[in-house]
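A.B. asks: What follows is a single structure, and I will ask about it in a moment.
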Amino acid sequence: MRIHTLDLHFQGIPGLIASYLVESGGEFALIETGPGSTLQTLRESIRAAGVDESAIKKVFVTHIHLDHAGAAGWFAQNGATIYCHPNAGRHLIDPSKLISSARMVYGDQMDSLWGEMLSAPAERVIALQDNEGVNFGDIEITAWDTPGHARHHHAFVIGDVCFTGDVAGMRLEGSSYLSVTAAPPQFDPIAYVQSVDRLIAANFKTLYLTHFGSVSDVAWHLPTYRQRIIDVDERVAAGFREGISIEENRRRYAAAEHQIAKQAGVSEELWLKGEGANVTAMCADGVRLFCEKGR
């Protein structure tokens, strides 16, 4: 098996969103497609790896947020089968609700950020249950139900390797700052910690993060990230009980995360780069929404 990390250069910036081209037994699969706005970059990266896009017959998306699955419909319309969580398939087949919700959040920036999300033909979308595997070349790719960031989230496992989507957070340029991916509306710290515990118990050798790249110090990364989830939840919950406003919650969240990142040796340039992939204001809203729903 060979794994190619494809940098999608989201918004022209390297190291923010990855897709993974997996090669086994003469077959090729893609894990994560990134957004429609980086589809051309993705296609060029696939060809640069010596593979024609038409050879990709299987595409796996961890969840249907636009930065992970926005280009999935293009591959489905060009003959690939898309594998996803049972609660994700309908949004790939008809992305209108997803696009409408995103447009309310991003407004005039929607198209430049995320590009076009094409609908996937229903016959090209297959939902995988927890622990269900797909034979591919000489290997099997197994779906793990891993809620917490989203209820419709899968991680994909090949032996001692795990493609984590957002369940293991964001970590840029090998830094020791782990940013909790907590965008609304489905952040759930209880489910999140349970999902990370499942990954910890598996003793993976390598994680492949969508944001961004391979992680080999798994025994440090996952327990540290587990605690980060707990910490941001407790911090926002304390402010919620205090009665602070949405704007004050965002301000405090950003300030606290910025300080944690600086203590971890993150440069101001890298901090701003991270904001492009995992906006602190949006994460603050996601954690607060969980507080508002009640525990």
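Simple scheme: letters A, B, ... for chains in structure tokens order, numbers from 1 for residues in each chain, numbers from 1 for ligands in the order shown.
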Would you mind listing, for every residue of segment 153-238 of chain A within 9 Å of segment 252-259 of chain A, the two atoms forming the shortest contact and the distance between them in Å to one decimal, using only C-alpha atoms, sorted by chain and ascending residue number, as a tab-separated table?
C.D. replies:
residue	atom	partner	partner_atom	distance
A:Ser179	CA	A:Glu257	CA	8.0
A:Val232	CA	A:Tyr253	CA	8.2
A:Arg235	CA	A:Tyr253	CA	8.2
A:Val236	CA	A:Tyr253	CA	7.5
A.B. asks: List as a short mmCIF file (atom, residue, chain, number, x, y, z; two decimals) with N, CA and C atoms, in the first residue's frame the protein and nucleic acid residues near segment 115-132 of chain A, meaning an atom at most 9 Å away when only C-alpha atoms are counted, but skip any in the same chain fewer than 3 places from it.
C.D. replies:
data_model
loop_
_atom_site.label_atom_id
_atom_site.label_comp_id
_atom_site.auth_asym_id
_atom_site.auth_seq_id
_atom_site.Cartn_x
_atom_site.Cartn_y
_atom_site.Cartn_z
N PRO A 35 -13.00 20.76 -0.68
CA PRO A 35 -14.12 21.52 -1.24
C PRO A 35 -14.09 21.61 -2.75
N GLY A 36 -15.21 22.06 -3.32
CA GLY A 36 -15.26 22.27 -4.76
C GLY A 36 -14.28 23.32 -5.24
N SER A 37 -13.95 24.25 -4.37
CA SER A 37 -13.04 25.34 -4.77
C SER A 37 -11.63 24.85 -5.03
N THR A 38 -11.26 23.68 -4.52
CA THR A 38 -9.91 23.15 -4.74
C THR A 38 -9.92 21.91 -5.64
N LEU A 39 -11.05 21.68 -6.32
CA LEU A 39 -11.15 20.49 -7.17
C LEU A 39 -10.07 20.46 -8.24
N LEU A 66 -18.16 20.94 4.05
CA LEU A 66 -17.68 21.29 2.72
C LEU A 66 -16.18 21.16 2.54
N ALA A 69 -15.88 17.14 1.92
CA ALA A 69 -16.62 16.37 0.92
C ALA A 69 -17.22 17.21 -0.19
N GLY A 70 -16.85 18.49 -0.27
CA GLY A 70 -17.48 19.38 -1.24
C GLY A 70 -17.30 18.96 -2.68
N ALA A 71 -16.22 18.24 -2.99
CA ALA A 71 -15.96 17.82 -4.37
C ALA A 71 -16.37 16.38 -4.64
N ALA A 72 -17.02 15.74 -3.68
CA ALA A 72 -17.37 14.32 -3.83
C ALA A 72 -18.31 14.10 -5.01
N GLY A 73 -19.27 15.01 -5.21
CA GLY A 73 -20.23 14.84 -6.29
C GLY A 73 -19.58 14.79 -7.66
N TRP A 74 -18.51 15.56 -7.84
CA TRP A 74 -17.81 15.54 -9.14
C TRP A 74 -17.28 14.14 -9.43
N PHE A 75 -16.68 13.52 -8.43
CA PHE A 75 -16.14 12.17 -8.63
C PHE A 75 -17.25 11.17 -8.88
N ALA A 76 -18.38 11.32 -8.15
CA ALA A 76 -19.52 10.42 -8.36
C ALA A 76 -20.07 10.58 -9.77
N GLN A 77 -20.18 11.80 -10.26
CA GLN A 77 -20.69 12.03 -11.61
C GLN A 77 -19.73 11.52 -12.68
N GLY A 79 -18.07 8.59 -12.28
CA GLY A 79 -17.97 7.13 -12.22
C GLY A 79 -17.48 6.52 -10.93
N ALA A 80 -17.08 7.34 -9.94
CA ALA A 80 -16.61 6.77 -8.68
C ALA A 80 -17.78 6.50 -7.75
N THR A 81 -17.58 5.55 -6.85
CA THR A 81 -18.54 5.27 -5.78
C THR A 81 -18.09 6.01 -4.53
N ILE A 82 -19.02 6.71 -3.89
CA ILE A 82 -18.73 7.47 -2.68
C ILE A 82 -19.19 6.68 -1.48
N TYR A 83 -18.29 6.46 -0.52
CA TYR A 83 -18.61 5.75 0.71
C TYR A 83 -18.66 6.76 1.86
N CYS A 84 -19.72 6.66 2.67
CA CYS A 84 -19.93 7.68 3.69
C CYS A 84 -20.72 7.10 4.86
N HIS A 85 -20.95 7.93 5.86
CA HIS A 85 -21.76 7.59 7.03
C HIS A 85 -23.23 7.48 6.61
N PRO A 86 -24.02 6.61 7.27
CA PRO A 86 -25.44 6.48 6.91
C PRO A 86 -26.22 7.80 6.96
N ASN A 87 -25.82 8.71 7.84
CA ASN A 87 -26.53 9.98 7.95
C ASN A 87 -26.00 11.05 6.99
N ALA A 88 -25.03 10.70 6.18
CA ALA A 88 -24.42 11.67 5.27
C ALA A 88 -24.89 11.52 3.83
N GLY A 89 -25.31 10.32 3.46
CA GLY A 89 -25.59 10.03 2.06
C GLY A 89 -26.61 10.95 1.41
N ARG A 90 -27.69 11.25 2.13
CA ARG A 90 -28.75 12.07 1.53
C ARG A 90 -28.25 13.47 1.18
N HIS A 91 -27.27 13.97 1.94
CA HIS A 91 -26.73 15.30 1.66
C HIS A 91 -25.77 15.30 0.48
N LEU A 92 -25.18 14.15 0.19
CA LEU A 92 -24.35 14.04 -1.01
C LEU A 92 -25.22 13.93 -2.25
N ILE A 93 -26.34 13.24 -2.11
CA ILE A 93 -27.26 13.07 -3.24
C ILE A 93 -27.99 14.38 -3.53
N ASP A 94 -28.40 15.06 -2.49
CA ASP A 94 -29.07 16.35 -2.64
C ASP A 94 -28.44 17.34 -1.65
N PRO A 95 -27.42 18.08 -2.08
CA PRO A 95 -26.70 18.97 -1.17
C PRO A 95 -27.36 20.33 -0.97
N SER A 96 -28.59 20.52 -1.46
CA SER A 96 -29.21 21.85 -1.44
C SER A 96 -29.36 22.39 -0.02
N ILE A 99 -25.89 23.34 1.30
CA ILE A 99 -25.40 24.56 0.64
C ILE A 99 -26.13 25.79 1.17
N MET A 110 -19.09 32.60 0.30
CA MET A 110 -19.42 31.19 0.10
C MET A 110 -18.75 30.60 -1.13
N ASP A 111 -18.94 31.24 -2.28
CA ASP A 111 -18.44 30.65 -3.53
C ASP A 111 -16.92 30.65 -3.60
N SER A 112 -16.29 31.74 -3.15
CA SER A 112 -14.83 31.80 -3.21
C SER A 112 -14.19 30.82 -2.23
N ILE A 141 -10.58 -1.31 3.73
CA ILE A 141 -10.79 -0.03 4.39
C ILE A 141 -12.05 -0.16 5.23
N THR A 142 -11.92 0.07 6.53
CA THR A 142 -13.02 -0.13 7.47
C THR A 142 -13.50 1.19 8.03
N ALA A 143 -14.82 1.37 8.05
CA ALA A 143 -15.42 2.59 8.60
C ALA A 143 -15.64 2.45 10.10
N TRP A 144 -15.23 3.46 10.84
CA TRP A 144 -15.50 3.54 12.28
C TRP A 144 -16.41 4.74 12.54
N ASP A 145 -17.53 4.46 13.18
CA ASP A 145 -18.42 5.54 13.58
C ASP A 145 -17.76 6.32 14.71
N THR A 146 -17.48 7.60 14.47
CA THR A 146 -16.71 8.40 15.44
C THR A 146 -17.36 9.77 15.62
N HIS A 154 -17.26 9.47 10.16
CA HIS A 154 -16.50 8.23 10.11
C HIS A 154 -15.00 8.53 10.15
#
A.B. asks: Residues of segment 70-183 of chain A classed as strand (DSSP E) by DSSP on the backbone are to be reported as a list in words.
C.D. replies: Thr81, Ile82, Tyr83, Cys84, Val125, Ile126, Ala127, Gly133, Val134, Asn135, Phe136, Ile139, Glu140, Ile141, Thr142, Ala143, Trp144, Asp145, His154, Ala155, Phe156, Val157, Ile158, Val161, Cys162, Phe163, Thr164 and Gly165 of chain A
A.B. asks: Taking a cut-off of 8 Å and counting only C-alpha atoms, can you build a table that, for each residue of segment 1-48 of chain A near segment 190-213 of chain A, reports the nearest atom pair and how far apart they are in Å (one decimal), sorted by chain then residue number, as a Markdown table?
C.D. replies:
| residue | atom | partner | partner_atom | distance |
| --- | --- | --- | --- | --- |
| A:Thr5 | CA | A:Gly213 | CA | 6.9 |
| A:Gly15 | CA | A:Phe212 | CA | 6.0 |
| A:Leu16 | CA | A:His211 | CA | 5.4 |
| A:Ile17 | CA | A:His211 | CA | 5.2 |
| A:Ala18 | CA | A:Thr210 | CA | 4.9 |
| A:Ser19 | CA | A:Thr210 | CA | 6.8 |
| A:Glu32 | CA | A:Thr210 | CA | 7.6 |
A.B. asks: Check the smallest atom-to-atom distance from each of A:Gly165, A:Pro14, A:Gly286, A:Gly243 to Leu270 of chain A using only C-alpha atoms, then report the winner.
C.D. replies: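 Comparing A:Gly165, A:Pro14, A:Gly286, A:Gly243 against Leu270 of chain A, the winner is A:Pro14.
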A.B. asks: Using atom CA of Ala102 of chain A and atom CA of Pro184 of chain A as the two end points, give the distance in Å to one decimal.
C.D. replies: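 We find that atom CA of Ala102 of chain A and atom CA of Pro184 of chain A lie 11.1 Å from each other.
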A.B. asks: Taking only C-alpha atoms into account, which of A:Ala237, A:Ile3, A:Met282, A:Ile13 comes nearest Leu172 of chain A?
C.D. replies: A:Ile13
A.B. asks: When DSSP works through the backbone of this structure, what residues of segment 24-272 of chain A end up as helix (DSSP H, G or I), shown as a CSV table (one decimal) with N, CA and C atoms, in the first residue's frame?
C.D. replies:
chain,number,residue,atom,x,y,z
A,36,GLY,N,-15.2,22.1,-3.3
A,36,GLY,CA,-15.3,22.3,-4.8
A,36,GLY,C,-14.3,23.3,-5.2
A,37,SER,N,-14.0,24.3,-4.4
A,37,SER,CA,-13.0,25.3,-4.8
A,37,SER,C,-11.6,24.9,-5.0
A,38,THR,N,-11.3,23.7,-4.5
A,38,THR,CA,-9.9,23.1,-4.7
A,38,THR,C,-9.9,21.9,-5.6
A,39,LEU,N,-11.0,21.7,-6.3
A,39,LEU,CA,-11.1,20.5,-7.2
A,39,LEU,C,-10.1,20.5,-8.2
A,40,GLN,N,-9.8,21.6,-8.9
A,40,GLN,CA,-8.8,21.6,-9.9
A,40,GLN,C,-7.4,21.3,-9.4
A,41,THR,N,-7.1,21.8,-8.2
A,41,THR,CA,-5.8,21.5,-7.6
A,41,THR,C,-5.8,20.0,-7.2
A,42,LEU,N,-6.9,19.5,-6.8
A,42,LEU,CA,-6.9,18.0,-6.4
A,42,LEU,C,-6.6,17.2,-7.7
A,43,ARG,N,-7.3,17.5,-8.7
A,43,ARG,CA,-7.1,16.8,-10.0
A,43,ARG,C,-5.7,16.8,-10.5
A,44,GLU,N,-5.1,18.0,-10.4
A,44,GLU,CA,-3.7,18.2,-10.9
A,44,GLU,C,-2.8,17.4,-10.0
A,45,SER,N,-3.1,17.3,-8.7
A,45,SER,CA,-2.2,16.6,-7.7
A,45,SER,C,-2.3,15.1,-8.0
A,46,ILE,N,-3.5,14.6,-8.3
A,46,ILE,CA,-3.7,13.2,-8.6
A,46,ILE,C,-2.9,12.9,-9.9
A,47,ARG,N,-3.0,13.7,-10.9
A,47,ARG,CA,-2.2,13.4,-12.1
A,47,ARG,C,-0.7,13.5,-11.8
A,48,ALA,N,-0.3,14.5,-11.0
A,48,ALA,CA,1.1,14.6,-10.6
A,48,ALA,C,1.7,13.4,-9.9
A,53,GLU,N,-7.5,10.6,-13.1
A,53,GLU,CA,-8.7,10.6,-12.2
A,53,GLU,C,-9.7,9.5,-12.5
A,54,SER,N,-9.7,9.1,-13.7
A,54,SER,CA,-10.7,8.0,-14.1
A,54,SER,C,-10.4,6.7,-13.5
A,55,ALA,N,-9.1,6.5,-12.9
A,55,ALA,CA,-8.7,5.3,-12.3
A,55,ALA,C,-9.2,5.2,-10.8
A,66,LEU,N,-18.2,20.9,4.1
A,66,LEU,CA,-17.7,21.3,2.7
A,66,LEU,C,-16.2,21.2,2.5
A,67,ASP,N,-15.4,21.3,3.6
A,67,ASP,CA,-14.0,21.2,3.5
A,67,ASP,C,-13.5,19.8,3.4
A,68,HIS,N,-14.4,18.9,3.6
A,68,HIS,CA,-14.1,17.4,3.5
A,68,HIS,C,-14.7,16.7,2.3
A,69,ALA,N,-15.9,17.1,1.9
A,69,ALA,CA,-16.6,16.4,0.9
A,69,ALA,C,-17.2,17.2,-0.2
A,72,ALA,N,-17.0,15.7,-3.7
A,72,ALA,CA,-17.4,14.3,-3.8
A,72,ALA,C,-18.3,14.1,-5.0
A,73,GLY,N,-19.3,15.0,-5.2
A,73,GLY,CA,-20.2,14.8,-6.3
A,73,GLY,C,-19.6,14.8,-7.7
A,74,TRP,N,-18.5,15.6,-7.8
A,74,TRP,CA,-17.8,15.5,-9.1
A,74,TRP,C,-17.3,14.1,-9.4
A,75,PHE,N,-16.7,13.5,-8.4
A,75,PHE,CA,-16.1,12.2,-8.6
A,75,PHE,C,-17.3,11.2,-8.9
A,76,ALA,N,-18.4,11.3,-8.2
A,76,ALA,CA,-19.5,10.4,-8.4
A,76,ALA,C,-20.1,10.6,-9.8
A,77,GLN,N,-20.2,11.8,-10.3
A,77,GLN,CA,-20.7,12.0,-11.6
A,77,GLN,C,-19.7,11.5,-12.7
A,89,GLY,N,-25.3,10.3,3.5
A,89,GLY,CA,-25.6,10.0,2.1
A,89,GLY,C,-26.6,10.9,1.4
A,90,ARG,N,-27.7,11.2,2.1
A,90,ARG,CA,-28.7,12.1,1.5
A,90,ARG,C,-28.2,13.5,1.2
A,91,HIS,N,-27.3,14.0,1.9
A,91,HIS,CA,-26.7,15.3,1.7
A,91,HIS,C,-25.8,15.3,0.5
A,92,LEU,N,-25.2,14.1,0.2
A,92,LEU,CA,-24.4,14.0,-1.0
A,92,LEU,C,-25.2,13.9,-2.3
A,93,ILE,N,-26.3,13.2,-2.1
A,93,ILE,CA,-27.3,13.1,-3.2
A,93,ILE,C,-28.0,14.4,-3.5
A,96,SER,N,-28.6,20.5,-1.5
A,96,SER,CA,-29.2,21.9,-1.4
A,96,SER,C,-29.4,22.4,0.0
A,97,LYS,N,-29.8,21.6,0.9
A,97,LYS,CA,-29.9,22.0,2.3
A,97,LYS,C,-28.6,22.4,2.9
A,98,LEU,N,-27.6,21.6,2.7
A,98,LEU,CA,-26.2,21.8,3.1
A,98,LEU,C,-25.7,23.1,2.6
A,99,ILE,N,-25.9,23.3,1.3
A,99,ILE,CA,-25.4,24.6,0.6
A,99,ILE,C,-26.1,25.8,1.2
A,100,SER,N,-27.4,25.7,1.3
A,100,SER,CA,-28.2,26.8,1.8
A,100,SER,C,-27.8,27.2,3.2
A,101,SER,N,-27.6,26.2,4.1
A,101,SER,CA,-27.1,26.5,5.5
A,101,SER,C,-25.7,27.2,5.5
A,102,ALA,N,-24.9,26.7,4.6
A,102,ALA,CA,-23.5,27.2,4.6
A,102,ALA,C,-23.5,28.6,4.0
A,103,ARG,N,-24.4,28.9,3.1
A,103,ARG,CA,-24.5,30.2,2.5
A,103,ARG,C,-25.0,31.2,3.5
A,104,MET,N,-25.8,30.8,4.4
A,104,MET,CA,-26.3,31.7,5.5
A,104,MET,C,-25.1,32.1,6.4
A,105,VAL,N,-24.2,31.2,6.6
A,105,VAL,CA,-23.0,31.4,7.5
A,105,VAL,C,-22.0,32.3,6.7
A,106,TYR,N,-21.7,31.9,5.5
A,106,TYR,CA,-20.5,32.5,4.8
A,106,TYR,C,-20.9,33.7,3.9
A,107,GLY,N,-22.2,33.8,3.5
A,107,GLY,CA,-22.6,34.9,2.7
A,107,GLY,C,-21.9,35.1,1.4
A,108,ASP,N,-21.4,36.3,1.2
A,108,ASP,CA,-20.7,36.6,-0.1
A,108,ASP,C,-19.4,35.8,-0.3
A,109,GLN,N,-18.9,35.2,0.8
A,109,GLN,CA,-17.6,34.5,0.7
A,109,GLN,C,-17.9,33.0,0.3
A,110,MET,N,-19.1,32.6,0.3
A,110,MET,CA,-19.4,31.2,0.1
A,110,MET,C,-18.7,30.6,-1.1
A,111,ASP,N,-18.9,31.2,-2.3
A,111,ASP,CA,-18.4,30.7,-3.5
A,111,ASP,C,-16.9,30.7,-3.6
A,112,SER,N,-16.3,31.7,-3.1
A,112,SER,CA,-14.8,31.8,-3.2
A,112,SER,C,-14.2,30.8,-2.2
A,113,LEU,N,-14.8,30.6,-1.1
A,113,LEU,CA,-14.3,29.7,-0.1
A,113,LEU,C,-14.5,28.2,-0.5
A,114,TRP,N,-15.7,27.9,-0.9
A,114,TRP,CA,-16.1,26.5,-1.1
A,114,TRP,C,-16.4,26.0,-2.5
A,122,ALA,N,-27.6,8.9,-6.9
A,122,ALA,CA,-27.9,8.1,-5.7
A,122,ALA,C,-27.3,6.7,-5.8
A,123,GLU,N,-27.2,6.1,-7.0
A,123,GLU,CA,-26.6,4.8,-7.2
A,123,GLU,C,-25.1,4.8,-7.0
A,124,ARG,N,-24.5,6.0,-6.9
A,124,ARG,CA,-23.1,6.0,-6.6
A,124,ARG,C,-22.7,6.3,-5.2
A,189,PRO,N,-19.1,17.0,23.3
A,189,PRO,CA,-17.8,16.5,23.9
A,189,PRO,C,-17.9,15.1,24.5
A,190,ILE,N,-19.0,14.7,24.9
A,190,ILE,CA,-19.1,13.4,25.5
A,190,ILE,C,-18.9,12.3,24.5
A,191,ALA,N,-19.6,12.4,23.4
A,191,ALA,CA,-19.3,11.5,22.2
A,191,ALA,C,-17.9,11.6,21.7
A,192,TYR,N,-17.4,12.9,21.6
A,192,TYR,CA,-16.1,13.1,21.1
A,192,TYR,C,-15.0,12.4,21.9
A,193,VAL,N,-15.1,12.5,23.2
A,193,VAL,CA,-14.1,11.8,24.0
A,193,VAL,C,-14.2,10.3,23.9
A,194,GLN,N,-15.4,9.8,23.8
A,194,GLN,CA,-15.6,8.4,23.6
A,194,GLN,C,-15.0,7.9,22.2
A,195,SER,N,-15.1,8.8,21.2
A,195,SER,CA,-14.5,8.4,19.9
A,195,SER,C,-13.0,8.4,20.0
A,196,VAL,N,-12.4,9.4,20.7
A,196,VAL,CA,-11.0,9.5,20.8
A,196,VAL,C,-10.5,8.3,21.6
A,197,ASP,N,-11.2,7.9,22.7
A,197,ASP,CA,-10.9,6.8,23.4
A,197,ASP,C,-10.8,5.5,22.6
A,198,ARG,N,-11.7,5.4,21.7
A,198,ARG,CA,-11.7,4.3,20.7
A,198,ARG,C,-10.4,4.3,19.9
A,199,LEU,N,-10.0,5.4,19.4
A,199,LEU,CA,-8.8,5.5,18.7
A,199,LEU,C,-7.6,5.2,19.5
A,200,ILE,N,-7.6,5.7,20.8
A,200,ILE,CA,-6.4,5.4,21.7
A,200,ILE,C,-6.3,3.9,21.9
A,201,ALA,N,-7.4,3.2,22.1
A,201,ALA,CA,-7.4,1.8,22.4
A,201,ALA,C,-6.8,1.0,21.2
A,202,ALA,N,-6.9,1.5,20.0
A,202,ALA,CA,-6.5,0.8,18.8
A,202,ALA,C,-5.0,0.8,18.6
A,218,VAL,N,1.5,9.2,17.9
A,218,VAL,CA,0.1,9.0,18.2
A,218,VAL,C,-0.2,8.8,19.7
A,219,ALA,N,0.8,8.2,20.4
A,219,ALA,CA,0.6,8.0,21.9
A,219,ALA,C,0.6,9.3,22.6
A,220,TRP,N,1.2,10.4,22.0
A,220,TRP,CA,1.1,11.7,22.7
A,220,TRP,C,-0.1,12.5,22.1
A,221,HIS,N,-0.3,12.4,20.8
A,221,HIS,CA,-1.4,13.2,20.2
A,221,HIS,C,-2.8,12.9,20.7
A,222,LEU,N,-3.2,11.7,20.7
A,222,LEU,CA,-4.6,11.4,21.0
A,222,LEU,C,-4.9,11.7,22.5
A,223,PRO,N,-4.1,11.2,23.5
A,223,PRO,CA,-4.5,11.6,24.9
A,223,PRO,C,-4.5,13.1,25.1
A,224,THR,N,-3.5,13.8,24.4
A,224,THR,CA,-3.5,15.3,24.6
A,224,THR,C,-4.7,15.9,24.0
A,225,TYR,N,-5.1,15.4,22.8
A,225,TYR,CA,-6.3,15.9,22.2
A,225,TYR,C,-7.6,15.6,23.0
A,226,ARG,N,-7.6,14.5,23.6
A,226,ARG,CA,-8.7,14.1,24.5
A,226,ARG,C,-8.9,15.2,25.6
A,227,GLN,N,-7.8,15.6,26.2
A,227,GLN,CA,-7.9,16.6,27.3
A,227,GLN,C,-8.2,17.9,26.7
A,228,ARG,N,-7.8,18.2,25.5
A,228,ARG,CA,-8.1,19.5,24.9
A,228,ARG,C,-9.6,19.6,24.7
A,229,ILE,N,-10.3,18.6,24.3
A,229,ILE,CA,-11.8,18.6,24.1
A,229,ILE,C,-12.4,18.9,25.5
A,230,ILE,N,-12.0,18.2,26.5
A,230,ILE,CA,-12.5,18.4,27.9
A,230,ILE,C,-12.3,19.9,28.3
A,231,ASP,N,-11.1,20.4,28.0
A,231,ASP,CA,-10.8,21.7,28.5
A,231,ASP,C,-11.6,22.8,27.8
A,232,VAL,N,-11.8,22.7,26.5
A,232,VAL,CA,-12.6,23.8,25.8
A,232,VAL,C,-14.0,23.7,26.2
A,233,ASP,N,-14.5,22.5,26.4
A,233,ASP,CA,-15.9,22.3,26.9
A,233,ASP,C,-16.1,23.0,28.3
A,234,GLU,N,-15.2,22.7,29.2
A,234,GLU,CA,-15.3,23.2,30.5
A,234,GLU,C,-15.2,24.7,30.6
A,235,ARG,N,-14.3,25.2,29.7
A,235,ARG,CA,-14.1,26.7,29.7
A,235,ARG,C,-15.3,27.4,29.2
A,236,VAL,N,-15.9,26.9,28.1
A,236,VAL,CA,-17.1,27.6,27.5
A,236,VAL,C,-18.3,27.4,28.4
A,237,ALA,N,-18.4,26.2,29.0
A,237,ALA,CA,-19.5,25.9,29.9
A,237,ALA,C,-19.5,26.9,31.1
A,238,ALA,N,-18.3,27.2,31.6
A,238,ALA,CA,-18.2,28.1,32.7
A,238,ALA,C,-18.7,29.5,32.3
A,239,GLY,N,-18.3,29.9,31.2
A,239,GLY,CA,-18.7,31.2,30.7
A,239,GLY,C,-20.2,31.3,30.4
A,240,PHE,N,-20.8,30.2,30.0
A,240,PHE,CA,-22.2,30.1,29.7
A,240,PHE,C,-23.0,30.2,31.0
A,241,ARG,N,-22.5,29.5,32.1
A,241,ARG,CA,-23.1,29.6,33.4
A,241,ARG,C,-23.0,31.0,33.9
A,242,GLU,N,-21.9,31.7,33.6
A,242,GLU,CA,-21.7,33.1,34.0
A,242,GLU,C,-22.7,34.1,33.3
A,246,ILE,N,-22.7,35.9,23.4
A,246,ILE,CA,-22.1,35.2,22.3
A,246,ILE,C,-20.8,35.8,21.9
A,247,GLU,N,-20.7,37.1,21.7
A,247,GLU,CA,-19.5,37.8,21.3
A,247,GLU,C,-18.4,37.7,22.3
A,248,GLU,N,-18.8,37.8,23.6
A,248,GLU,CA,-17.8,37.7,24.7
A,248,GLU,C,-17.2,36.3,24.7
A,249,ASN,N,-18.1,35.3,24.5
A,249,ASN,CA,-17.6,33.9,24.4
A,249,ASN,C,-16.6,33.7,23.3
A,250,ARG,N,-16.9,34.3,22.1
A,250,ARG,CA,-16.0,34.2,21.0
A,250,ARG,C,-14.7,34.9,21.3
A,251,ARG,N,-14.7,36.0,22.0
A,251,ARG,CA,-13.5,36.8,22.3
A,251,ARG,C,-12.6,36.0,23.3
A,252,ARG,N,-13.3,35.5,24.3
A,252,ARG,CA,-12.5,34.7,25.3
A,252,ARG,C,-11.9,33.4,24.7
A,253,TYR,N,-12.7,32.8,23.9
A,253,TYR,CA,-12.3,31.5,23.3
A,253,TYR,C,-11.0,31.8,22.4
A,254,ALA,N,-11.1,32.8,21.6
A,254,ALA,CA,-10.0,33.1,20.7
A,254,ALA,C,-8.7,33.5,21.5
A,255,ALA,N,-8.9,34.3,22.6
A,255,ALA,CA,-7.8,34.8,23.4
A,255,ALA,C,-7.2,33.6,24.1
A,256,ALA,N,-8.0,32.7,24.7
A,256,ALA,CA,-7.4,31.5,25.4
A,256,ALA,C,-6.7,30.6,24.4
A,257,GLU,N,-7.2,30.4,23.3
A,257,GLU,CA,-6.6,29.5,22.3
A,257,GLU,C,-5.3,30.1,21.8
A,258,HIS,N,-5.3,31.4,21.5
A,258,HIS,CA,-4.1,32.1,21.0
A,258,HIS,C,-3.0,32.0,22.0
A,259,GLN,N,-3.3,32.1,23.3
A,259,GLN,CA,-2.3,32.0,24.4
A,259,GLN,C,-1.8,30.6,24.5
A,260,ILE,N,-2.6,29.6,24.4
A,260,ILE,CA,-2.2,28.2,24.4
A,260,ILE,C,-1.3,27.9,23.2
A,261,ALA,N,-1.7,28.4,22.1
A,261,ALA,CA,-0.8,28.2,20.9
A,261,ALA,C,0.5,28.8,21.0
A,262,LYS,N,0.6,30.1,21.5
A,262,LYS,CA,1.9,30.7,21.7
A,262,LYS,C,2.7,30.0,22.7
A,263,GLN,N,2.1,29.5,23.8
A,263,GLN,CA,2.9,28.7,24.8
A,263,GLN,C,3.5,27.4,24.2
A,268,GLU,N,3.0,33.7,15.1
A,268,GLU,CA,1.8,34.4,14.8
A,268,GLU,C,1.4,34.0,13.4
A,269,GLU,N,2.3,33.8,12.5
A,269,GLU,CA,2.0,33.4,11.1
A,269,GLU,C,1.2,32.1,11.1
A,270,LEU,N,1.7,31.1,11.9
A,270,LEU,CA,1.1,29.8,11.9
A,270,LEU,C,-0.3,29.9,12.6
A,271,TRP,N,-0.4,30.7,13.6
A,271,TRP,CA,-1.7,30.9,14.3
A,271,TRP,C,-2.7,31.5,13.3
A,272,LEU,N,-2.4,32.5,12.5
A,272,LEU,CA,-3.3,33.0,11.5
A,272,LEU,C,-3.6,32.0,10.4
A.B. asks: What does the distance from atom CA of Ala281 of chain A to atom CA of Phe156 of chain A come to in Å, to one decimal?
C.D. replies: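 Going from atom CA of Ala281 of chain A over to atom CA of Phe156 of chain A covers 28.6 Å.
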A.B. asks: If I take atom CA of Cys283 of chain A and atom CA of His65 of chain A, how far is one from the other in Å, to one decimal?
C.D. replies: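 These two atoms are separated by 14.1 Å.
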